[in-house]
Each structure stands twice: as C-alpha cells, then as structure tokens.
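Written out below as structure tokens is the structure these notes cover.
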Amino acid sequence: MSDGVRVFLSDSESVFRRLARRTFLTCVRGLVQAVVAVAGIPLFFVSVLTVISLSAGIGVVLAPKSLLAVRRLASQQRRWAQEWSGVTIVTPYRPRPVELTNGLIGRLQRCKWLLTDPATWRDLLWALANGPAGVVLGLLPVFMVFCGVWTLAVDGGALLYGPWSNAVPDFGPQVFFLSLLPLGVIMGPRLLKAHAQAASSLLAPTREEMAAQLGRLTESRSQAVDASAAELRRIERDLHDGAQARLVCLGLNIGFAEQVVRDDPELALSLLAEARASSGQALSELRALVRGIHPPVLAERGLDGAVRALALSLPLPVDLHIDLAGRASAPVESAVYFAVAEALANVVKHGGANRAWVQLEYDSGRLVAIVGDNGAGGAALRAGGGLRGVEQRLAAFDGVIAVTSPDGGPTLVTMELPCELSLART
Amino acid sequence: MEVVAATGNGPDLLRALVTQRPDVAVVDVRLPPGFTDEGLRAAIEARAQVPGLPVLVLSQHVEQLYAKELLSAGTGGLGYLLKDRVSDVRRFIEAVRTVASGGTAMDPEVVSQLLARHARDEPLGRLTPREREVLALMAEGRTNAGIATRLVVTEKAVSKHINNIFTKLNLYPAEDDNRRVLAVLTYLNA
C-alpha cells in the first residue's frame, strides 16, 4: 500500500470518526434539549401560580424563587445556543438593584425588579413555547439516527440482496428508514441550530430594550466624558496656580541670588533659602495633585493596600473587611478607590461618627464596597454632592451606588460594580 | 561616609543588603523592575533576615501603611522620609547618622498623621499642647538637645515634659534615647 493510499484511508477514517462523534454529540444534546423542554412546562405553571399568589402574600416569597429558576433555565439555554450552535443571544435582564435589606422590603424590591422587567415575561413565554418546540426539534435527530442505525443493524446485511430477494419483506420502507441515518447526520446540527434561533426570538432583548440600553450607555458615557474633562481642567488649574507658579518663583530667586552673590552674600543666602522653601512647596503641591489623580499607593499595592492606607490616614478608627482574591483593572480600582475615599471623607466631614467600617468583597462577577459609620445619619445622594459624582463615575462601569442613612444612623453607602479580577500580583 | 554598594533594582538591593550588611542603607521605595514598592519590600525582607540592619527609606510620598510595616518588621535604626527632606542637607546627614546609630528618623508628615489618628484617644487627649509638640519631635527621632533648640527651652524642661508624657501614656521610661523613641512610635502605631 502506498503512502498516499494510507493517508487517504486514515483521513477517511478520521472523517468518519468525526462524523460519528458529531452525530453522537448532536443526539445527546437533542435529548438534553427535550428533557429541558419538558421540565420548562411545569416550571411555567408553577411560576404563573406563584405570581397569581402574590395577591395572597405568600407569592412574595415564592414568586422570585420560581421566576429566578426560569431565568436560570433561560440563561442556560442562551449558553447552549452559543456553545452548541454558535447562536449568540444577548442577555436582556435589567441590572439587579443593590439589595439593601433582607427583610420584607428586600423581598418586595426583588419582586418589583423581576416583575417590571419585560424579559421575565418573555422568559416565561419561552418556557411554555419551548415545550413542544424543544421536544420535536430535540428528539427528531435522535429519532432519525436511531431508526437508521437500528435498520442497519437488524436488516443491513439482508438489504444488500436487493429488492427482488425475499430476504427482506418490506424493502421500500426499510430503505426509507435506512436513509434517515445520513439525513439525521446532516440535519441534526441544523435542527439544533433552528431550535437555538427559535429560542433567540424570545430570549434576546427586544428592539426597544436595546434602544433603552443604548440610551443609558450614551448618557453614562457623556457623563464620564464631562467628568474627565472637568477633572483635566482642575488639574490644569492646580498646576498653573500651584507648582508652575512656585517654579517661576524658584527660578526668580536663584537668578536674583546669582546677581547679588558677589556684592551681598548675605542677601544671596536668604534668597537661596527662599528658593529651597519654594521647591518644597512645589513638591508638596505636586504630591497632593498626584494623590488626587492616582494615589501612588494604589499603583503600588492595588485596591486592597490603598484602602488600608486610606483607613490609616483618617482621624477615626476604621474596621476593614477586605476579601479580594486578585486585582481589578486599573480604571476599576481607581473608580472604587475614589468612591470609598469620598464616602469616608463624608464620614469625617458630617455625621459625628466615632467609628467607621469598610467592606470590600468580590462575588460572582461583582465588586461590592460598603462604607458604614455610626454617625447621626441623614446622608443622601444630593445633586452636586460628592456621592452624586461617585454615582456618575461608577455608572461609566455599569456600577451603582445606594445610600441608606436613617435619622440617628447608621449610614451605609453600598457600591457595586461588575468586573473581572486578575490573579493577584505579588 | 563610604558607599559600599549602589544597586538599581529590588532583587539586587536585597542581595546587597544581606551580603554587604552596611552600617546604614538608604533605600528608595519605588524601584525597577516593577516600579511599585520593590525597595520597601526589599528593606523589610532584609531587616527580617539581618536583625538590627539600619535602613533609611526615602520616597516621593509617605504612607502610614508603609511606616507601620517598617516599624513592625525587625529592629534597629529606621528612617522614613520624604525625598524633599534631602534638600536640607545638614538635617538629612543628621538623619543618616541617627539611623546608623540605631535611632529613628520619621518624617514629620508621618508623625503628624499618627498623632491626628490618636487625637481623640483617651490617654493622648490628656497631654498638654506643649507635651504634644515634644511628643511629635521625639517621634521624628530628635534628641533632647534637638528638641530643646527647636522649642527654645532648656534640655531639663524637655526631659521633664518627656517624663510627663511617659507617665500619661503608661509607658516604661527607658533611659536609652533610641529605645524611648521606638516605644513612642510603637505606642502610636498600635
């Protein structure tokens, strides 16, 4: 056997194997889809019942649970559509509000969040419609491949004798069943893809939702652009009035000292001393400016170290609970750092607190920062206030901020922002 | 003074500190290769490996966090100053000598923040304004004579203030200047 033939054979063998593996996978996936489709129907009815039972009160507990179960199933379907058929279905849900309380109010907020999101209702509709669609489109490839393989296994040999032989009683139907095998092999993935596309019509965000999201993005982007422009103006002004002016003064003093050093060494000395003082002031102004742009400790130690350093520089004790397994991207670290710094600055400025605490945690794709104090309360997101600025800055990262501060305290500022963490650099 | 080694990055610095064991090391916080806090980490590591190694850390900015880490890592002379302070050459050389002889030279900015943090604490609140001034200068690492010149009082008055401070803070009054300063810093750093 020449090499060419062997290559051809091994090639055709691998093609055959690939086809067999693909067909097997398609069948398994079809079965999974069918099972999920069947499971979706009781879930649909249970969800509808719990929503109806909202009027009886008990639904406040059950409805979010069942609706979130539907949501999980729908999310799984979106992942499968992407992984199995390459059909991308964008997640349409509205952002989860920052949970403030665990009690009844928290549950009501959760209900409101779920029930006012149109995607919840479209998910439910999908759970119902997917029942028949998933069973048919999922089982069809399995059925075709099974029929073909069964016929091949039982009567495959006999069929070779041809239609005139008596070996096979129903030759025509048998040939039809056999032909289902290649049909199943070819059509299987297409049927799965058709199912994914059908799911997409209900599981993807509607045009209006996309438009609304685009509106939100445009707004937060323009706010971010405005904020950074204002920041640059502030830096320019600070440099112009501060360090630059000091350096001019420094140059002037040195130049003057140069002129008089021979005739009046005493005067030259005092001018030089003044020059040194100017350089010190320029440096300390530059230091303050750098701290406002990007604190060096943040660059050196990341969010964890920077928040620790921040806590140490405050005139009141700050308890820290920091649990970050890695580092966020530099812009995220900076945004969260300044948000925490602003919240802590408020603690010092108002409220008469003698104790504060900061909690930094990362959980399921979200960085959560909570700043609390035992002061008098009464803090709020006021227009033009520092926390409003934090809100705009976080919005650029799809982050949110919530303030609870009843009269008499305690004040809690909760900030949450979706991000990735990279492995800790040491 | 004689320079026994000059290095340009963190790992080399640590090696030089541990093998050369200089009388005093002047270290920058931010160094290659990462340009973060390699110098500081090398200094802390070296003090752990070589007990009593005197280190003077210079930086463009001072952080309470770093001061805390330096103070709690190892013994021996310790300095932590802003780079600006170098421009006062006489004071800078004085700081190098203080650290080399096992003393302390803390930047006034570090000390003022330390004091501000404890301003509301009970024992520190009992100090008179003059005693607080003396405490700040002592924490920077100045000698009794230095404090006396700075505040334009007699050395005897200074030591009386210091005794009062130690009594009010419930600290054991050590005779040795260096140990006294360390006691104060440890107290403030707690």
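Order determines the names: the first chain of the structure tokens is A, the second B, and so forth; residues in each chain are numbered 1 upward, and ligands are numbered 1 upward as they are shown.
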Please, which residues of chain B lie no more than 12 Å from chain A when the count uses only C-alpha atoms, and can they be set out as number ranges by chain? B: 29-31, 34-41, 59-69, 82-89, 109-121, 188-190
Can those selected residues be exported to a file as a tab-separated table (two decimals), in the first residue's frame so that it contains N, CA and C atoms?
chain	number	residue	atom	x	y	z
B	29	VAL	N	11.71	53.73	47.74
B	29	VAL	CA	10.58	52.79	47.75
B	29	VAL	C	10.35	52.21	46.36
B	30	ARG	N	10.29	53.08	45.36
B	30	ARG	CA	9.90	52.62	44.03
B	30	ARG	C	11.15	52.30	43.20
B	31	LEU	N	11.27	51.05	42.78
B	31	LEU	CA	12.46	50.62	42.04
B	31	LEU	C	12.05	49.72	40.88
B	34	GLY	N	9.48	46.38	38.69
B	34	GLY	CA	8.04	46.62	38.61
B	34	GLY	C	7.65	48.07	38.83
B	35	PHE	N	8.56	48.88	39.34
B	35	PHE	CA	8.28	50.27	39.70
B	35	PHE	C	7.07	50.38	40.62
B	36	THR	N	6.94	49.44	41.55
B	36	THR	CA	5.89	49.62	42.56
B	36	THR	C	6.60	49.87	43.90
B	37	ASP	N	6.61	48.89	44.82
B	37	ASP	CA	7.25	49.14	46.11
B	37	ASP	C	8.39	48.14	46.38
B	38	GLU	N	9.12	47.78	45.31
B	38	GLU	CA	10.20	46.80	45.45
B	38	GLU	C	11.20	47.18	46.54
B	39	GLY	N	11.57	48.48	46.58
B	39	GLY	CA	12.58	48.93	47.53
B	39	GLY	C	12.12	48.69	48.96
B	40	LEU	N	10.85	49.04	49.21
B	40	LEU	CA	10.29	48.88	50.55
B	40	LEU	C	10.27	47.40	50.93
B	41	ARG	N	9.81	46.57	49.99
B	41	ARG	CA	9.73	45.13	50.28
B	41	ARG	C	11.12	44.57	50.55
B	59	SER	N	11.10	58.43	49.90
B	59	SER	CA	10.03	58.26	48.93
B	59	SER	C	9.45	59.61	48.53
B	60	GLN	N	8.80	59.62	47.35
B	60	GLN	CA	8.13	60.85	46.92
B	60	GLN	C	6.88	61.11	47.74
B	61	HIS	N	6.37	60.07	48.38
B	61	HIS	CA	5.17	60.23	49.21
B	61	HIS	C	5.32	59.32	50.42
B	62	VAL	N	4.80	59.73	51.56
B	62	VAL	CA	4.87	58.84	52.72
B	62	VAL	C	3.48	58.29	53.02
B	63	GLU	N	3.44	57.03	53.41
B	63	GLU	CA	2.19	56.36	53.72
B	63	GLU	C	2.26	55.80	55.14
B	64	GLN	N	1.18	56.00	55.89
B	64	GLN	CA	1.09	55.40	57.23
B	64	GLN	C	1.26	53.89	57.15
B	65	LEU	N	0.67	53.33	56.08
B	65	LEU	CA	0.71	51.87	55.92
B	65	LEU	C	2.15	51.38	55.86
B	66	TYR	N	2.99	52.09	55.09
B	66	TYR	CA	4.38	51.67	54.93
B	66	TYR	C	5.14	51.88	56.23
B	67	ALA	N	4.86	53.00	56.91
B	67	ALA	CA	5.52	53.27	58.19
B	67	ALA	C	5.22	52.14	59.16
B	68	LYS	N	3.95	51.73	59.14
B	68	LYS	CA	3.51	50.67	60.04
B	68	LYS	C	4.26	49.37	59.73
B	69	GLU	N	4.35	49.05	58.43
B	69	GLU	CA	5.04	47.82	58.04
B	69	GLU	C	6.51	47.86	58.41
B	82	LEU	N	10.37	61.84	53.40
B	82	LEU	CA	10.07	62.33	52.07
B	82	LEU	C	11.38	62.70	51.38
B	83	LYS	N	11.42	62.52	50.06
B	83	LYS	CA	12.65	62.85	49.34
B	83	LYS	C	12.98	64.35	49.45
B	84	ASP	N	11.94	65.18	49.60
B	84	ASP	CA	12.19	66.62	49.71
B	84	ASP	C	13.16	66.94	50.82
B	85	ARG	N	13.11	66.13	51.91
B	85	ARG	CA	13.91	66.46	53.10
B	85	ARG	C	15.39	66.46	52.78
B	86	VAL	N	15.78	65.79	51.67
B	86	VAL	CA	17.19	65.73	51.29
B	86	VAL	C	17.73	67.13	51.03
B	87	SER	N	16.84	68.04	50.61
B	87	SER	CA	17.32	69.38	50.26
B	87	SER	C	17.85	70.11	51.49
B	88	ASP	N	17.41	69.74	52.67
B	88	ASP	CA	18.03	70.28	53.89
B	88	ASP	C	19.19	69.35	54.23
B	89	VAL	N	20.34	69.61	53.60
B	89	VAL	CA	21.43	68.64	53.59
B	89	VAL	C	21.90	68.31	55.01
B	109	GLU	N	5.50	64.44	58.45
B	109	GLU	CA	4.17	64.15	57.92
B	109	GLU	C	3.61	62.84	58.49
B	110	VAL	N	4.49	61.84	58.60
B	110	VAL	CA	4.06	60.57	59.20
B	110	VAL	C	3.63	60.81	60.64
B	111	VAL	N	4.48	61.55	61.37
B	111	VAL	CA	4.22	61.75	62.80
B	111	VAL	C	2.93	62.54	63.01
B	112	SER	N	2.71	63.58	62.19
B	112	SER	CA	1.51	64.38	62.41
B	112	SER	C	0.26	63.55	62.12
B	113	GLN	N	0.34	62.69	61.11
B	113	GLN	CA	-0.82	61.83	60.83
B	113	GLN	C	-1.06	60.81	61.94
B	114	LEU	N	0.05	60.28	62.46
B	114	LEU	CA	-0.07	59.33	63.58
B	114	LEU	C	-0.76	60.00	64.76
B	115	LEU	N	-0.32	61.24	65.05
B	115	LEU	CA	-0.91	61.95	66.19
B	115	LEU	C	-2.37	62.28	65.91
B	116	ALA	N	-2.66	62.68	64.66
B	116	ALA	CA	-4.05	63.05	64.32
B	116	ALA	C	-4.97	61.85	64.52
B	117	ARG	N	-4.43	60.65	64.17
B	117	ARG	CA	-5.26	59.47	64.27
B	117	ARG	C	-5.63	59.17	65.72
B	118	HIS	N	-4.72	59.53	66.62
B	118	HIS	CA	-4.96	59.21	68.03
B	118	HIS	C	-5.49	60.41	68.80
B	119	ALA	N	-5.79	61.52	68.07
B	119	ALA	CA	-6.14	62.77	68.74
B	119	ALA	C	-7.30	62.57	69.71
B	120	ARG	N	-8.24	61.69	69.33
B	120	ARG	CA	-9.43	61.55	70.18
B	120	ARG	C	-9.26	60.47	71.24
B	121	ASP	N	-8.13	59.75	71.17
B	121	ASP	CA	-7.93	58.68	72.14
B	121	ASP	C	-7.77	59.25	73.55
B	188	LEU	N	2.10	54.66	69.24
B	188	LEU	CA	1.25	55.38	68.30
B	188	LEU	C	0.78	54.48	67.16
B	189	ASN	N	1.58	53.50	66.87
B	189	ASN	CA	1.31	52.66	65.71
B	189	ASN	C	0.32	51.53	66.01
B	190	ALA	N	0.03	51.34	67.26
B	190	ALA	CA	-0.80	50.18	67.66
B	190	ALA	C	-2.20	50.29	67.06
Met1 in chain B environment, 12 Å, only C-alpha atoms, sequence neighbours closer than 6 positions dropped, as a PyMOL selection string: chain B and resi 22-25+93+96-97+100
Now that the selection is made, can you save its residues with N, CA and C atoms as a PDB file, in the first residue's frame?
ATOM      1  N   PRO B  22      25.556  46.721  55.356  1.00  0.00           N
ATOM      2  CA  PRO B  22      26.120  48.066  55.553  1.00  0.00           C
ATOM      3  C   PRO B  22      25.743  48.645  56.924  1.00  0.00           C
ATOM      4  N   ASP B  23      26.494  49.675  57.338  1.00  0.00           N
ATOM      5  CA  ASP B  23      26.177  50.356  58.603  1.00  0.00           C
ATOM      6  C   ASP B  23      24.816  51.035  58.511  1.00  0.00           C
ATOM      7  N   VAL B  24      24.507  51.489  57.300  1.00  0.00           N
ATOM      8  CA  VAL B  24      23.190  52.067  57.074  1.00  0.00           C
ATOM      9  C   VAL B  24      22.874  51.959  55.582  1.00  0.00           C
ATOM     10  N   ALA B  25      21.593  51.700  55.251  1.00  0.00           N
ATOM     11  CA  ALA B  25      21.186  51.618  53.845  1.00  0.00           C
ATOM     12  C   ALA B  25      20.194  52.730  53.558  1.00  0.00           C
ATOM     13  N   ILE B  93      21.865  64.568  56.617  1.00  0.00           N
ATOM     14  CA  ILE B  93      23.050  63.824  57.096  1.00  0.00           C
ATOM     15  C   ILE B  93      22.869  63.431  58.563  1.00  0.00           C
ATOM     16  N   VAL B  96      20.765  60.399  58.594  1.00  0.00           N
ATOM     17  CA  VAL B  96      21.525  59.196  58.225  1.00  0.00           C
ATOM     18  C   VAL B  96      22.324  58.705  59.435  1.00  0.00           C
ATOM     19  N   ARG B  97      22.971  59.651  60.147  1.00  0.00           N
ATOM     20  CA  ARG B  97      23.781  59.268  61.310  1.00  0.00           C
ATOM     21  C   ARG B  97      22.896  58.702  62.425  1.00  0.00           C
ATOM     22  N   ALA B 100      21.934  55.213  61.449  1.00  0.00           N
ATOM     23  CA  ALA B 100      23.102  54.327  61.510  1.00  0.00           C
ATOM     24  C   ALA B 100      23.408  53.935  62.956  1.00  0.00           C
TER      25      ALA B 100
END
DSSP on the backbone, strand (DSSP E or B) only: what residues of range 25-184 of chain B does that give? Format it as a list in words. Ala25, Val26, Val27, Asp28, Val55, Leu56, Val57, Leu58, Ser59, Leu78, Gly79, Tyr80, Leu81, Leu82, Thr104, Ala105 and Met106 of chain B
Residue among A:Ser66, A:Ser228, A:Ser422, A:Thr206 lying closest to Arg327 in chain A, counting only C-alpha atoms: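 The shortest atom-to-atom distance to Arg327 in chain A comes from A:Ser422.
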Kindly give the distance, in Å, that separates CA of Val368 in chain A and CA of Glu416 in chain A, rounded to a single decimal.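 Computing it gives 4.5 Å between the two atoms.
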Backbone DSSP call of helix (DSSP H, G or I) for chain B, listed as an NGL selection string: :B and (10-20 or 38-49 or 64-72 or 83-87 or 89-100 or 108-117 or 122-125 or 129-140 or 144-151 or 155-168 or 177-189)
Distance of CA of Gly74 in chain B from CA of Ala46 in chain B, expressed in Å to one decimal place: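 Value for the CA of Ala46 in chain B-CA of Gly74 in chain B distance: 9.0 Å.
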Excluding same-chain residues fewer than 3 positions from Lys168 in chain B, what lies within 8 Å of it counting only C-alpha atoms, as a count of residues only? 7
Which polymer residues have any atom within 9 Å of an atom of Ala5 in chain B, counting only C-alpha atoms, with same-chain residues fewer than 6 positions away left out, as a list in words? Leu13, Ala16, Leu17, Gln20 and Pro22 of chain B
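Taking CA of Leu185 in chain B and CA of Met138 in chain B as endpoints, the distance between them is 9.2 Å.
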Would you mind listing what lies within 12 Å of Arg107 in chain A as a ChimeraX atom specification, with only C-alpha atoms counted and same-chain residues fewer than 6 positions away left out? /A:54,57-65,97,99-101,113-114
Would you output that residue set with C-alpha atoms, as a short mmCIF file (atom, residue, chain, number, x, y, z; two decimals), in the first residue's frame?
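This is the output file out.cif:
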data_model
loop_
_atom_site.label_atom_id
_atom_site.label_comp_id
_atom_site.auth_asym_id
_atom_site.auth_seq_id
_atom_site.Cartn_x
_atom_site.Cartn_y
_atom_site.Cartn_z
CA LEU A 54 -48.76 37.44 45.09
CA GLY A 57 -48.98 37.40 50.15
CA ILE A 58 -47.23 34.04 50.03
CA GLY A 59 -46.11 34.82 46.46
CA VAL A 60 -43.74 37.49 47.80
CA VAL A 61 -41.52 34.65 48.94
CA LEU A 62 -42.21 32.12 46.18
CA ALA A 63 -42.52 34.24 43.03
CA PRO A 64 -38.89 35.47 42.98
CA LYS A 65 -37.68 31.93 43.55
CA PRO A 97 -30.76 46.58 42.27
CA GLU A 99 -30.02 44.74 47.89
CA LEU A 100 -30.36 46.89 50.94
CA THR A 101 -32.40 44.80 53.31
CA TRP A 113 -37.33 44.20 39.96
CA LEU A 114 -38.36 40.85 38.45
#
What's the 7 Å shell around Asn9 in chain B, counting only C-alpha atoms, without same-chain residues fewer than 2 positions away, as a list in words?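 Counting only C-alpha atoms, the residues come to Thr7, Pro11, Asp12, Leu13, Leu31, Pro32 and Pro33 of chain B.
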Prev. selection, N, CA and C atoms, output as a PDB file, in the first residue's frame:
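File out05.pdb, as written:
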ATOM      1  N   THR B   7      22.742  49.920  44.055  1.00  0.00           N
ATOM      2  CA  THR B   7      22.030  48.988  43.177  1.00  0.00           C
ATOM      3  C   THR B   7      20.838  49.677  42.547  1.00  0.00           C
ATOM      4  N   PRO B  11      15.654  43.103  43.524  1.00  0.00           N
ATOM      5  CA  PRO B  11      16.384  41.880  43.866  1.00  0.00           C
ATOM      6  C   PRO B  11      17.860  42.134  44.185  1.00  0.00           C
ATOM      7  N   ASP B  12      18.520  42.998  43.372  1.00  0.00           N
ATOM      8  CA  ASP B  12      19.926  43.326  43.639  1.00  0.00           C
ATOM      9  C   ASP B  12      20.068  43.998  44.995  1.00  0.00           C
ATOM     10  N   LEU B  13      19.107  44.868  45.302  1.00  0.00           N
ATOM     11  CA  LEU B  13      19.156  45.592  46.571  1.00  0.00           C
ATOM     12  C   LEU B  13      19.114  44.619  47.737  1.00  0.00           C
ATOM     13  N   LEU B  31      11.271  51.051  42.776  1.00  0.00           N
ATOM     14  CA  LEU B  31      12.457  50.617  42.043  1.00  0.00           C
ATOM     15  C   LEU B  31      12.049  49.719  40.879  1.00  0.00           C
ATOM     16  N   PRO B  32      12.944  49.565  39.875  1.00  0.00           N
ATOM     17  CA  PRO B  32      12.715  48.533  38.870  1.00  0.00           C
ATOM     18  C   PRO B  32      12.752  47.169  39.550  1.00  0.00           C
ATOM     19  N   PRO B  33      12.253  46.082  39.000  1.00  0.00           N
ATOM     20  CA  PRO B  33      11.674  46.019  37.652  1.00  0.00           C
ATOM     21  C   PRO B  33      10.210  46.432  37.586  1.00  0.00           C
TER      22      PRO B  33
END
List the spatial neighbours of Leu43 in chain A as a PyMOL selection string - criterion: any atom at most 10 Å away, only C-alpha atoms, same-chain residues fewer than 6 positions off excluded. chain A and resi 49+66-67+69-70+73+124+127-128
Produce a file of the selected residues containing C-alpha atoms, as a PDB file, in the first residue's frame.
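As a result, part10.pdb now contains:
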ATOM      1  CA  LEU A  49     -49.308  30.233  40.106  1.00  0.00           C
ATOM      2  CA  SER A  66     -39.669  30.410  40.681  1.00  0.00           C
ATOM      3  CA  LEU A  67     -39.040  33.345  38.340  1.00  0.00           C
ATOM      4  CA  ALA A  69     -35.440  29.408  38.330  1.00  0.00           C
ATOM      5  CA  VAL A  70     -36.986  30.173  34.937  1.00  0.00           C
ATOM      6  CA  LEU A  73     -33.043  27.836  32.709  1.00  0.00           C
ATOM      7  CA  LEU A 124     -41.972  32.623  30.837  1.00  0.00           C
ATOM      8  CA  ALA A 127     -40.677  28.157  28.894  1.00  0.00           C
ATOM      9  CA  LEU A 128     -44.176  27.367  27.600  1.00  0.00           C
TER      10      LEU A 128
END
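Candidate residues B:Ala6, B:Ala145, B:Ala43, B:Leu182 were compared for distance to Leu58 in chain B, and the nearest is B:Ala43, using only C-alpha atoms.
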Can you work out which one of B:Ser159, B:Thr149, B:Val3, B:Leu53 has the shortest atom-to-atom distance to Ser101 in chain B, counting only C-alpha atoms?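 Between B:Ser159, B:Thr149, B:Val3, B:Leu53, the residue approaching Ser101 in chain B most closely is B:Leu53.
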